[in-house]
>>> print(open('input.cif').read())   # mmCIF, C-alpha atoms (C1' of nucleotides)
data_coords
#
loop_
_atom_site.group_PDB
_atom_site.id
_atom_site.type_symbol
_atom_site.label_atom_id
_atom_site.label_comp_id
_atom_site.auth_asym_id
_atom_site.auth_seq_id
_atom_site.Cartn_x
_atom_site.Cartn_y
_atom_site.Cartn_z
ATOM 1 C CA MET D 125 17.243 -5.665 16.062
ATOM 2 C CA ALA D 126 13.740 -6.011 14.722
ATOM 3 C CA ILE D 127 12.884 -9.387 13.259
ATOM 4 C CA PRO D 128 10.951 -9.133 9.987
ATOM 5 C CA SER D 129 7.390 -10.189 10.610
ATOM 6 C CA GLU D 130 7.551 -12.739 7.791
ATOM 7 C CA LEU D 131 9.998 -14.789 9.816
ATOM 8 C CA LEU D 132 7.558 -15.030 12.672
ATOM 9 C CA ARG D 133 5.120 -17.104 10.694
ATOM 10 C CA GLY D 134 5.038 -20.695 11.654
ATOM 11 C CA SER D 135 6.985 -20.172 14.836
ATOM 12 C CA ILE D 136 4.071 -18.798 16.823
ATOM 13 C CA GLU D 137 2.137 -22.021 17.161
ATOM 14 C CA PRO D 138 4.987 -24.196 18.510
ATOM 15 C CA ILE D 139 6.048 -21.446 20.903
ATOM 16 C CA LEU D 140 2.534 -21.026 22.285
ATOM 17 C CA LEU D 141 2.208 -24.777 22.754
ATOM 18 C CA SER D 142 5.645 -24.989 24.325
ATOM 19 C CA LEU D 143 4.864 -22.279 26.856
ATOM 20 C CA LEU D 144 1.653 -24.020 27.854
ATOM 21 C CA ASN D 145 3.584 -27.249 28.153
ATOM 22 C CA GLU D 146 5.575 -25.605 30.944
ATOM 23 C CA ARG D 147 2.483 -24.484 32.826
ATOM 24 C CA ALA D 148 -0.941 -22.950 32.360
ATOM 25 C CA MET D 149 -0.830 -19.276 31.421
ATOM 26 C CA HIS D 150 -3.021 -16.481 30.211
ATOM 27 C CA GLY D 151 -2.500 -14.707 26.907
ATOM 28 C CA TYR D 152 -1.070 -11.433 28.040
ATOM 29 C CA GLU D 153 1.369 -13.334 30.226
ATOM 30 C CA MET D 154 2.703 -15.243 27.224
ATOM 31 C CA ILE D 155 3.210 -12.037 25.289
ATOM 32 C CA LYS D 156 5.265 -10.504 28.080
ATOM 33 C CA LEU D 157 7.144 -13.736 28.719
ATOM 34 C CA VAL D 158 8.231 -14.163 25.112
ATOM 35 C CA ASN D 159 9.241 -10.542 24.984
ATOM 36 C CA ALA D 160 11.306 -10.888 28.156
ATOM 37 C CA ARG D 161 12.958 -14.214 27.385
ATOM 38 C CA THR D 162 14.122 -13.073 23.965
ATOM 39 C CA SER D 163 15.156 -9.638 25.209
ATOM 40 C CA GLY D 164 12.706 -8.053 22.848
ATOM 41 C CA ALA D 165 13.937 -9.895 19.759
ATOM 42 C CA LEU D 166 10.522 -11.475 19.357
ATOM 43 C CA GLU D 167 8.035 -8.736 20.030
ATOM 44 C CA TRP D 168 4.652 -10.413 20.060
ATOM 45 C CA LYS D 169 1.573 -8.313 19.394
ATOM 46 C CA GLU D 170 -1.852 -8.819 20.928
ATOM 47 C CA GLY D 171 -3.538 -8.701 17.523
ATOM 48 C CA THR D 172 -1.429 -11.671 16.496
ATOM 49 C CA ILE D 173 -1.598 -13.864 19.574
ATOM 50 C CA TYR D 174 -5.221 -13.652 20.671
ATOM 51 C CA PRO D 175 -6.592 -14.906 17.348
ATOM 52 C CA TRP D 176 -4.031 -17.709 17.478
ATOM 53 C CA LEU D 177 -5.183 -18.779 20.929
ATOM 54 C CA HIS D 178 -8.766 -18.890 19.691
ATOM 55 C CA ARG D 179 -7.721 -20.959 16.710
ATOM 56 C CA LEU D 180 -5.778 -23.420 18.853
ATOM 57 C CA GLU D 181 -8.719 -23.755 21.213
ATOM 58 C CA ALA D 182 -11.116 -24.319 18.315
ATOM 59 C CA ASP D 183 -8.768 -27.062 17.128
ATOM 60 C CA GLY D 184 -8.807 -28.728 20.534
ATOM 61 C CA LEU D 185 -5.092 -28.220 21.165
ATOM 62 C CA ILE D 186 -5.677 -26.016 24.192
ATOM 63 C CA THR D 187 -8.539 -25.312 26.589
ATOM 64 C CA SER D 188 -9.351 -22.140 28.481
ATOM 65 C CA GLU D 189 -11.107 -21.085 31.637
ATOM 66 C CA TRP D 190 -11.829 -17.684 33.095
ATOM 67 C CA GLN D 191 -9.952 -17.080 36.287
ATOM 68 C CA ALA D 192 -11.668 -15.356 39.200
ATOM 69 C CA PRO D 193 -10.720 -11.663 38.808
ATOM 70 C CA VAL D 194 -7.572 -10.675 40.702
ATOM 71 C CA ASP D 195 -7.360 -6.967 41.513
ATOM 72 C CA GLY D 196 -10.253 -6.409 39.148
ATOM 73 C CA ARG D 197 -8.362 -8.084 36.304
ATOM 74 C CA ARG D 198 -10.022 -10.940 34.548
ATOM 75 C CA ARG D 199 -7.746 -13.515 32.962
ATOM 76 C CA LYS D 200 -8.406 -16.381 30.614
ATOM 77 C CA VAL D 201 -6.032 -19.174 31.544
ATOM 78 C CA TYR D 202 -5.071 -21.691 28.886
ATOM 79 C CA HIS D 203 -4.109 -25.338 29.304
ATOM 80 C CA LEU D 204 -2.446 -27.706 26.868
ATOM 81 C CA THR D 205 -4.494 -30.754 25.914
ATOM 82 C CA ARG D 206 -3.128 -34.198 25.155
ATOM 83 C CA GLN D 207 -3.733 -33.470 21.486
ATOM 84 C CA GLY D 208 -1.827 -30.229 21.955
ATOM 85 C CA GLN D 209 1.121 -32.150 23.347
ATOM 86 C CA ARG D 210 1.214 -34.318 20.262
ATOM 87 C CA GLN D 211 0.980 -31.250 18.080
ATOM 88 C CA LEU D 212 3.819 -29.629 20.024
ATOM 89 C CA ALA D 213 6.069 -32.616 19.378
ATOM 90 C CA GLN D 214 5.328 -32.495 15.679
ATOM 91 C CA ARG D 215 5.708 -28.736 15.332
ATOM 92 C CA THR D 216 8.964 -28.827 17.263
ATOM 93 C CA GLN D 217 10.328 -31.472 14.937
ATOM 94 C CA GLU D 218 9.222 -29.438 11.930
ATOM 95 C CA TRP D 219 10.974 -26.398 13.336
ATOM 96 C CA ARG D 220 14.207 -28.360 13.825
ATOM 97 C CA THR D 221 14.122 -29.721 10.293
ATOM 98 C CA PHE D 222 13.348 -26.303 8.906
ATOM 99 C CA SER D 223 15.965 -24.354 10.872
ATOM 100 C CA GLU D 224 18.658 -26.908 10.150
ATOM 101 C CA SER D 225 17.845 -26.677 6.449
ATOM 102 C CA VAL D 226 18.096 -22.902 6.471
ATOM 103 C CA ASN D 227 21.350 -23.014 8.435
ATOM 104 C CA LEU D 228 22.745 -25.495 5.936
ATOM 105 C CA LEU D 229 21.831 -23.292 2.995
ATOM 106 C CA LEU D 230 23.155 -20.114 4.590
ATOM 107 C CA ALA D 231 26.416 -21.881 5.385
ATOM 108 C CA GLY D 232 27.067 -22.545 1.720
ATOM 109 C CA PRO D 233 28.302 -25.521 -0.309
ATOM 110 C CA ALA D 234 31.003 -26.583 2.173
ATOM 111 C CA SER D 235 28.427 -28.273 4.339
ATOM 112 C CA ALA D 236 26.301 -29.625 1.549
ATOM 113 C CA MET G 1484 8.382 -34.392 6.445
ATOM 114 C CA ALA G 1485 6.685 -31.465 4.828
ATOM 115 C CA ILE G 1486 7.531 -28.094 6.283
ATOM 116 C CA PRO G 1487 4.463 -25.897 6.765
ATOM 117 C CA SER G 1488 4.573 -23.094 4.251
ATOM 118 C CA GLU G 1489 4.184 -20.528 7.016
ATOM 119 C CA LEU G 1490 7.636 -21.384 8.261
ATOM 120 C CA LEU G 1491 9.136 -20.593 4.891
ATOM 121 C CA ARG G 1492 8.292 -16.933 5.127
ATOM 122 C CA GLY G 1493 11.226 -14.716 5.681
ATOM 123 C CA SER G 1494 13.761 -17.419 4.945
ATOM 124 C CA ILE G 1495 13.475 -17.208 1.188
ATOM 125 C CA GLU G 1496 15.238 -13.887 0.733
ATOM 126 C CA PRO G 1497 18.394 -14.705 2.736
ATOM 127 C CA ILE G 1498 18.646 -18.113 1.062
ATOM 128 C CA LEU G 1499 18.352 -16.653 -2.430
ATOM 129 C CA LEU G 1500 20.992 -14.049 -1.621
ATOM 130 C CA SER G 1501 23.245 -16.662 -0.035
ATOM 131 C CA LEU G 1502 23.091 -18.905 -3.088
ATOM 132 C CA LEU G 1503 23.994 -16.007 -5.361
ATOM 133 C CA ASN G 1504 26.835 -15.151 -3.017
ATOM 134 C CA GLU G 1505 28.327 -18.543 -3.875
ATOM 135 C CA ARG G 1506 28.060 -18.011 -7.596
ATOM 136 C CA ALA G 1507 25.787 -16.680 -10.312
ATOM 137 C CA MET G 1508 22.804 -18.924 -10.961
ATOM 138 C CA HIS G 1509 19.504 -19.001 -12.780
ATOM 139 C CA GLY G 1510 16.163 -19.365 -11.039
ATOM 140 C CA TYR G 1511 15.276 -22.922 -11.886
ATOM 141 C CA GLU G 1512 18.741 -23.963 -10.791
ATOM 142 C CA MET G 1513 18.208 -22.443 -7.346
ATOM 143 C CA ILE G 1514 14.923 -24.259 -6.943
ATOM 144 C CA LYS G 1515 16.498 -27.619 -7.717
ATOM 145 C CA LEU G 1516 19.575 -26.852 -5.621
ATOM 146 C CA VAL G 1517 17.591 -25.965 -2.503
ATOM 147 C CA ASN G 1518 15.472 -29.041 -2.989
ATOM 148 C CA ALA G 1519 18.552 -31.250 -3.324
ATOM 149 C CA ARG G 1520 20.616 -29.767 -0.504
ATOM 150 C CA THR G 1521 17.784 -30.074 1.991
ATOM 151 C CA SER G 1522 16.759 -33.523 0.748
ATOM 152 C CA GLY G 1523 13.359 -32.168 -0.105
ATOM 153 C CA ALA G 1524 12.690 -30.617 3.299
ATOM 154 C CA LEU G 1525 12.460 -27.212 1.664
ATOM 155 C CA GLU G 1526 10.433 -27.690 -1.481
ATOM 156 C CA TRP G 1527 10.584 -24.403 -3.330
ATOM 157 C CA LYS G 1528 7.873 -23.609 -5.839
ATOM 158 C CA GLU G 1529 8.292 -21.647 -9.049
ATOM 159 C CA GLY G 1530 5.286 -19.496 -8.237
ATOM 160 C CA THR G 1531 7.052 -18.402 -5.083
ATOM 161 C CA ILE G 1532 10.620 -17.912 -6.275
ATOM 162 C CA TYR G 1533 10.243 -16.123 -9.594
ATOM 163 C CA PRO G 1534 8.294 -13.215 -8.119
ATOM 164 C CA TRP G 1535 10.923 -12.999 -5.379
ATOM 165 C CA LEU G 1536 13.740 -12.746 -7.901
ATOM 166 C CA HIS G 1537 11.901 -9.938 -9.659
ATOM 167 C CA ARG G 1538 11.406 -8.138 -6.358
ATOM 168 C CA LEU G 1539 15.068 -8.472 -5.410
ATOM 169 C CA GLU G 1540 16.110 -7.206 -8.811
ATOM 170 C CA ALA G 1541 13.740 -4.249 -8.567
ATOM 171 C CA ASP G 1542 15.320 -3.457 -5.206
ATOM 172 C CA GLY G 1543 18.801 -3.513 -6.706
ATOM 173 C CA LEU G 1544 19.978 -6.461 -4.631
ATOM 174 C CA ILE G 1545 20.570 -8.666 -7.664
ATOM 175 C CA THR G 1546 21.003 -8.165 -11.393
ATOM 176 C CA SER G 1547 20.101 -10.464 -14.254
ATOM 177 C CA GLU G 1548 21.188 -11.187 -17.789
ATOM 178 C CA TRP G 1549 19.848 -13.566 -20.404
ATOM 179 C CA GLN G 1550 22.291 -16.306 -21.194
ATOM 180 C CA ALA G 1551 22.801 -17.402 -24.797
ATOM 181 C CA PRO G 1552 20.431 -20.382 -25.230
ATOM 182 C CA VAL G 1553 22.029 -23.774 -24.477
ATOM 183 C CA ASP G 1554 20.281 -26.694 -26.177
ATOM 184 C CA GLY G 1555 17.408 -24.367 -26.972
ATOM 185 C CA ARG G 1556 17.020 -23.456 -23.305
ATOM 186 C CA ARG G 1557 17.094 -19.813 -22.383
ATOM 187 C CA ARG G 1558 18.241 -18.973 -18.879
ATOM 188 C CA LYS G 1559 18.195 -15.768 -16.903
ATOM 189 C CA VAL G 1560 21.332 -15.702 -14.793
ATOM 190 C CA TYR G 1561 21.319 -13.674 -11.592
ATOM 191 C CA HIS G 1562 24.222 -11.944 -9.865
ATOM 192 C CA LEU G 1563 24.487 -10.540 -6.379
ATOM 193 C CA THR G 1564 25.169 -6.798 -6.185
ATOM 194 C CA ARG G 1565 27.205 -5.059 -3.515
ATOM 195 C CA GLN G 1566 23.962 -3.855 -2.006
ATOM 196 C CA GLY G 1567 22.767 -7.441 -2.086
ATOM 197 C CA GLN G 1568 25.840 -8.528 -0.134
ATOM 198 C CA ARG G 1569 25.043 -6.014 2.570
ATOM 199 C CA GLN G 1570 21.446 -7.182 2.631
ATOM 200 C CA LEU G 1571 22.623 -10.790 2.895
ATOM 201 C CA ALA G 1572 24.719 -9.960 5.954
ATOM 202 C CA GLN G 1573 21.797 -8.255 7.626
ATOM 203 C CA ARG G 1574 19.234 -10.942 6.773
ATOM 204 C CA THR G 1575 21.621 -13.650 7.962
ATOM 205 C CA GLN G 1576 22.049 -11.892 11.283
ATOM 206 C CA GLU G 1577 18.288 -11.507 11.585
ATOM 207 C CA TRP G 1578 17.856 -15.192 10.921
ATOM 208 C CA ARG G 1579 20.377 -16.103 13.620
ATOM 209 C CA THR G 1580 18.712 -13.869 16.182
ATOM 210 C CA PHE G 1581 15.325 -15.230 15.261
ATOM 211 C CA SER G 1582 16.242 -18.923 15.234
ATOM 212 C CA GLU G 1583 18.146 -18.650 18.506
ATOM 213 C CA SER G 1584 15.129 -16.985 20.088
ATOM 214 C CA VAL G 1585 12.810 -19.737 18.930
ATOM 215 C CA ASN G 1586 15.220 -22.428 20.099
ATOM 216 C CA LEU G 1587 15.431 -20.758 23.475
ATOM 217 C CA LEU G 1588 11.665 -20.638 23.828
ATOM 218 C CA LEU G 1589 11.148 -24.217 22.687
ATOM 219 C CA ALA G 1590 13.804 -25.369 25.154
ATOM 220 C CA GLY G 1591 11.768 -24.046 28.078
ATOM 221 C CA PRO G 1592 12.571 -22.104 31.239
ATOM 222 C CA ALA G 1593 15.785 -23.977 32.069
ATOM 223 C CA SER G 1594 17.667 -21.931 29.500
ATOM 224 C CA ALA G 1595 15.948 -18.639 30.190
ATOM 225 C "C1'" DC Y 861 -8.825 14.517 40.016
ATOM 226 C "C1'" DA Y 862 -7.511 14.223 35.325
ATOM 227 C "C1'" DA Y 863 -4.342 12.122 32.386
ATOM 228 C "C1'" DT Y 864 -1.222 8.670 31.409
ATOM 229 C "C1'" DG Y 865 0.195 4.013 31.146
ATOM 230 C "C1'" DA Y 866 0.082 -0.718 32.389
ATOM 231 C "C1'" DT Y 867 -2.825 -4.841 32.613
ATOM 232 C "C1'" DA Y 868 -6.071 -7.875 30.030
ATOM 233 C "C1'" DC Y 869 -9.231 -9.102 26.835
ATOM 234 C "C1'" DA Y 870 -11.200 -8.776 21.877
ATOM 235 C "C1'" DT Y 871 -12.053 -7.881 16.688
ATOM 236 C "C1'" DA Y 872 -12.282 -5.609 12.026
ATOM 237 C "C1'" DG Y 873 -9.842 -4.327 7.980
ATOM 238 C "C1'" DC Y 874 -5.671 -3.684 5.446
ATOM 239 C "C1'" DC Y 875 -1.987 -5.604 3.155
ATOM 240 C "C1'" DA Y 876 1.686 -8.822 2.174
ATOM 241 C "C1'" DC Y 877 2.681 -13.080 0.186
ATOM 242 C "C1'" DC Y 878 2.780 -18.280 -0.712
ATOM 243 C "C1'" DC Y 879 1.057 -21.432 -3.855
ATOM 244 C "C1'" DG Y 880 -1.938 -23.793 -7.168
ATOM 245 C "C1'" DA Y 881 -3.083 -23.464 -11.672
ATOM 246 C "C1'" DG Y 882 -2.350 -22.145 -16.033
ATOM 247 C "C1'" DG Y 883 0.467 -20.587 -19.973
ATOM 248 C "C1'" DT Y 884 4.624 -20.600 -23.414
ATOM 249 C "C1'" DA Y 885 8.535 -22.965 -25.423
ATOM 250 C "C1'" DC Y 886 12.052 -26.488 -26.324
ATOM 251 C "C1'" DC Y 887 14.007 -31.113 -26.012
ATOM 252 C "C1'" DA Y 888 14.450 -36.325 -25.030
ATOM 253 C "C1'" DA Y 889 12.451 -40.747 -24.575
ATOM 254 C "C1'" DC Y 890 9.268 -44.318 -25.422
ATOM 255 C "C1'" DG M 1077 2.536 -38.182 -30.008
ATOM 256 C "C1'" DT M 1078 2.363 -38.195 -25.385
ATOM 257 C "C1'" DT M 1079 4.735 -37.874 -21.328
ATOM 258 C "C1'" DG M 1080 8.136 -35.592 -18.535
ATOM 259 C "C1'" DG M 1081 11.987 -32.675 -17.767
ATOM 260 C "C1'" DT M 1082 13.927 -27.940 -18.334
ATOM 261 C "C1'" DA M 1083 13.041 -22.937 -17.976
ATOM 262 C "C1'" DC M 1084 10.626 -18.957 -17.884
ATOM 263 C "C1'" DC M 1085 6.255 -16.248 -16.403
ATOM 264 C "C1'" DT M 1086 1.665 -14.442 -14.083
ATOM 265 C "C1'" DC M 1087 -2.970 -14.420 -12.066
ATOM 266 C "C1'" DG M 1088 -6.142 -15.364 -8.249
ATOM 267 C "C1'" DG M 1089 -7.354 -17.146 -3.925
ATOM 268 C "C1'" DG M 1090 -6.703 -17.844 0.651
ATOM 269 C "C1'" DT M 1091 -4.035 -17.341 4.865
ATOM 270 C "C1'" DG M 1092 -2.631 -14.533 8.475
ATOM 271 C "C1'" DG M 1093 0.244 -10.735 10.896
ATOM 272 C "C1'" DC M 1094 -0.431 -6.085 12.354
ATOM 273 C "C1'" DT M 1095 -2.508 -1.561 13.020
ATOM 274 C "C1'" DA M 1096 -6.166 0.536 14.941
ATOM 275 C "C1'" DT M 1097 -9.779 0.573 17.865
ATOM 276 C "C1'" DG M 1098 -12.672 -0.745 21.631
ATOM 277 C "C1'" DT M 1099 -13.852 -2.132 26.578
ATOM 278 C "C1'" DA M 1100 -12.599 -2.282 31.467
ATOM 279 C "C1'" DT M 1101 -9.755 -1.901 35.749
ATOM 280 C "C1'" DC M 1102 -5.989 -0.188 38.415
ATOM 281 C "C1'" DA M 1103 -1.647 2.531 39.671
ATOM 282 C "C1'" DT M 1104 0.940 6.541 39.027
ATOM 283 C "C1'" DT M 1105 1.843 11.199 38.215
ATOM 284 C "C1'" DG M 1106 0.919 16.188 37.907
#
>>> encode(input="input.cif", output="structure tokens")
Amino acid sequence: MAIPSELLRGSIEPILLSLLNERAMHGYEMIKLVNARTSGALEWKEGTIYPWLHRLEADGLITSEWQAPVDGRRRKVYHLTRQGQRQLAQRTQEWRTFSESVNLLLAGPASA
Amino acid sequence: MAIPSELLRGSIEPILLSLLNERAMHGYEMIKLVNARTSGALEWKEGTIYPWLHRLEADGLITSEWQAPVDGRRRKVYHLTRQGQRQLAQRTQEWRTFSESVNLLLAGPASA
DNA sequence: CAATGATACATAGCCACCCGAGGTACCAAC
DNA sequence: GTTGGTACCTCGGGTGGCTATGTATCATTG
């Protein structure tokens, strides 16, 4: 099932931060990882993620460094900053509040 | 806590359809109801919802009729169509798939 | 060895859409 | 008579996801 792109908005940032909270990664790796872990439900596009990574770096939430080319492939590896960790906590909480609200509304008046 | 507006995207349509699946309502009523049920977590704006209702009506998912004015207040009451019910089922399933995917990713590799 | 496809980065432009601001109209309260 | 609630509506700006395109390297396949 394809998820409407509108739903993706707002979820990208916390997911990116969460992945980098696990360990340092490069962009393409995150795209493939999200795709794999969700069995293709979330199909991230390069044109979406790379600008996001640049934005997060500009905001000081992540840092990057070019890795020495492996097999002729250059990779930019991203790390989560302390500020990024704080942001992750906040975004995660926002996501919980949001998703619980939507679940409540979709469940109907019985739960309200 | 204010939910970033980006998160709202994609959730509005299933919520509108779900509310109208409960019972017929008018637009302003839905705005206040969502606000109340989520304790203000989802703060719907008129500039967002009215265009959505017009879109859904144009797509045949809902119908509308002007109610006889009560206390000088005119209300446009919306009903869910059969097509709207089908759309609601699909959008709800999409939401579940999406939210479970995000939860999985935010939980980290232990669940993957 | 040419073409395809995966890896890995990047950006420009299109288009969808949320929201602030503004507008109309009626009523109650102070 | 001004404020604030109800109840509808629309325009314009800004944000941002996605398609398309580009560069470069490597493995695979015909």
>>> atom_distance(input="input.cif", atom1="atom CA of G:Lys1528", atom2="atom CA of D:Ile136")
23.5 Å
>>> interface_residues(input="input.cif", of="chain M", to="chain G", cutoff="12 Å", atoms="only C-alpha atoms (C1' of nucleotides)", output="list in words")
DG1081, DT1082, DA1083, DC1084, DC1085, DT1086, DC1087, DT1091, DG1092 and DG1093 of chain M
>>> axis_aligned_box(input="input.cif", around="stretch 872-884 of chain Y", padding_each_side="4 Å", output="JSON")
{"center_x": -3.8, "center_y": -13.7, "center_z": -5.7, "size_x": 24.9, "size_y": 28.1, "size_z": 43.4}
>>> closest_residue(input="input.cif", among="G:Ile1532, G:Arg1574, G:Leu1500, G:Ala1590", to="Y:DC877", atoms="only C-alpha atoms (C1' of nucleotides)")
G:Ile1532
>>> resolve_selection(input="input.cif", expression="the PyMOL selection byres ((chain M and resi 1100) around 9)", output="ChimeraX atom specification")
/D:197 /Y:868-869 /M:1099,1101
>>> interface_residues(input="input.cif", of="chain Y", to="chain G", cutoff="9 Å", atoms="all atoms listed in the file", output="list in words")
DC877, DC878, DC879, DG880, DA885, DC886 and DC887 of chain Y
>>> interface_residues(input="input.cif", of="chain D", to="chain G", cutoff="9 Å", atoms="only C-alpha atoms", output="ChimeraX atom specification")
/D:125-135,138-139,141-143,145-146,158,161-163,165-166,216,218-233,236
>>> resolve_selection(input="input.cif", expression="the PyMOL selection byres ((chain G and resi 1547) around 6)", output="list of chain:residue names")
G:Thr1546, G:Glu1548, G:Val1560, G:Tyr1561
>>> atom_distance(input="input.cif", atom1="atom C1' of Y:DG865", atom2="atom C1' of M:DC1102")
10.4 Å
>>> atom_distance(input="input.cif", atom1="atom CA of G:Ile1545", atom2="atom C1' of M:DG1088")
27.5 Å
>>> resolve_selection(input="input.cif", expression="the PyMOL selection byres ((chain D and resi 185) around 7)", output="PDB file with C-alpha atoms, in the frame of the given file")
ATOM      1  CA  LEU D 180      -5.778 -23.420  18.853  1.00  0.00           C
ATOM      2  CA  GLU D 181      -8.719 -23.755  21.213  1.00  0.00           C
ATOM      3  CA  ASP D 183      -8.768 -27.062  17.128  1.00  0.00           C
ATOM      4  CA  GLY D 184      -8.807 -28.728  20.534  1.00  0.00           C
ATOM      5  CA  ILE D 186      -5.677 -26.016  24.192  1.00  0.00           C
ATOM      6  CA  LEU D 204      -2.446 -27.706  26.868  1.00  0.00           C
ATOM      7  CA  THR D 205      -4.494 -30.754  25.914  1.00  0.00           C
ATOM      8  CA  GLN D 207      -3.733 -33.470  21.486  1.00  0.00           C
ATOM      9  CA  GLY D 208      -1.827 -30.229  21.955  1.00  0.00           C
TER      10      GLY D 208
END
>>> decode(input="input.cif", residues="chain Y", atoms="C-alpha atoms (C1' of nucleotides)", output="mmCIF file, in the first residue's frame")
data_model
loop_
_atom_site.group_PDB
_atom_site.id
_atom_site.type_symbol
_atom_site.label_atom_id
_atom_site.label_comp_id
_atom_site.auth_asym_id
_atom_site.auth_seq_id
_atom_site.Cartn_x
_atom_site.Cartn_y
_atom_site.Cartn_z
ATOM 1 C "C1'" DC Y 861 32.476 -3.591 -24.353
ATOM 2 C "C1'" DA Y 862 28.128 -1.377 -24.212
ATOM 3 C "C1'" DA Y 863 24.118 -1.031 -21.587
ATOM 4 C "C1'" DT Y 864 21.779 -1.506 -17.475
ATOM 5 C "C1'" DG Y 865 21.224 -0.886 -12.672
ATOM 6 C "C1'" DA Y 866 22.802 -0.152 -8.099
ATOM 7 C "C1'" DT Y 867 25.347 3.000 -5.085
ATOM 8 C "C1'" DA Y 868 25.868 7.870 -3.529
ATOM 9 C "C1'" DC Y 869 25.654 12.520 -3.722
ATOM 10 C "C1'" DA Y 870 23.156 17.003 -5.215
ATOM 11 C "C1'" DT Y 871 19.693 20.682 -6.926
ATOM 12 C "C1'" DA Y 872 16.058 23.160 -9.681
ATOM 13 C "C1'" DG Y 873 11.279 23.687 -10.603
ATOM 14 C "C1'" DC Y 874 6.595 22.224 -10.209
ATOM 15 C "C1'" DC Y 875 2.717 21.735 -7.521
ATOM 16 C "C1'" DA Y 876 -0.011 20.805 -3.459
ATOM 17 C "C1'" DC Y 877 -1.640 22.715 0.637
ATOM 18 C "C1'" DC Y 878 -1.755 24.833 5.470
ATOM 19 C "C1'" DC Y 879 -2.627 29.042 7.545
ATOM 20 C "C1'" DG Y 880 -2.901 34.002 8.459
ATOM 21 C "C1'" DA Y 881 -5.590 37.616 7.272
ATOM 22 C "C1'" DG Y 882 -9.506 39.524 5.749
ATOM 23 C "C1'" DG Y 883 -14.482 39.633 4.696
ATOM 24 C "C1'" DT Y 884 -19.762 38.972 5.599
ATOM 25 C "C1'" DA Y 885 -23.520 38.279 8.811
ATOM 26 C "C1'" DC Y 886 -26.051 37.501 13.122
ATOM 27 C "C1'" DC Y 887 -26.525 37.365 18.128
ATOM 28 C "C1'" DA Y 888 -25.445 38.028 23.298
ATOM 29 C "C1'" DA Y 889 -23.278 40.490 26.902
ATOM 30 C "C1'" DC Y 890 -21.427 44.357 29.186
#
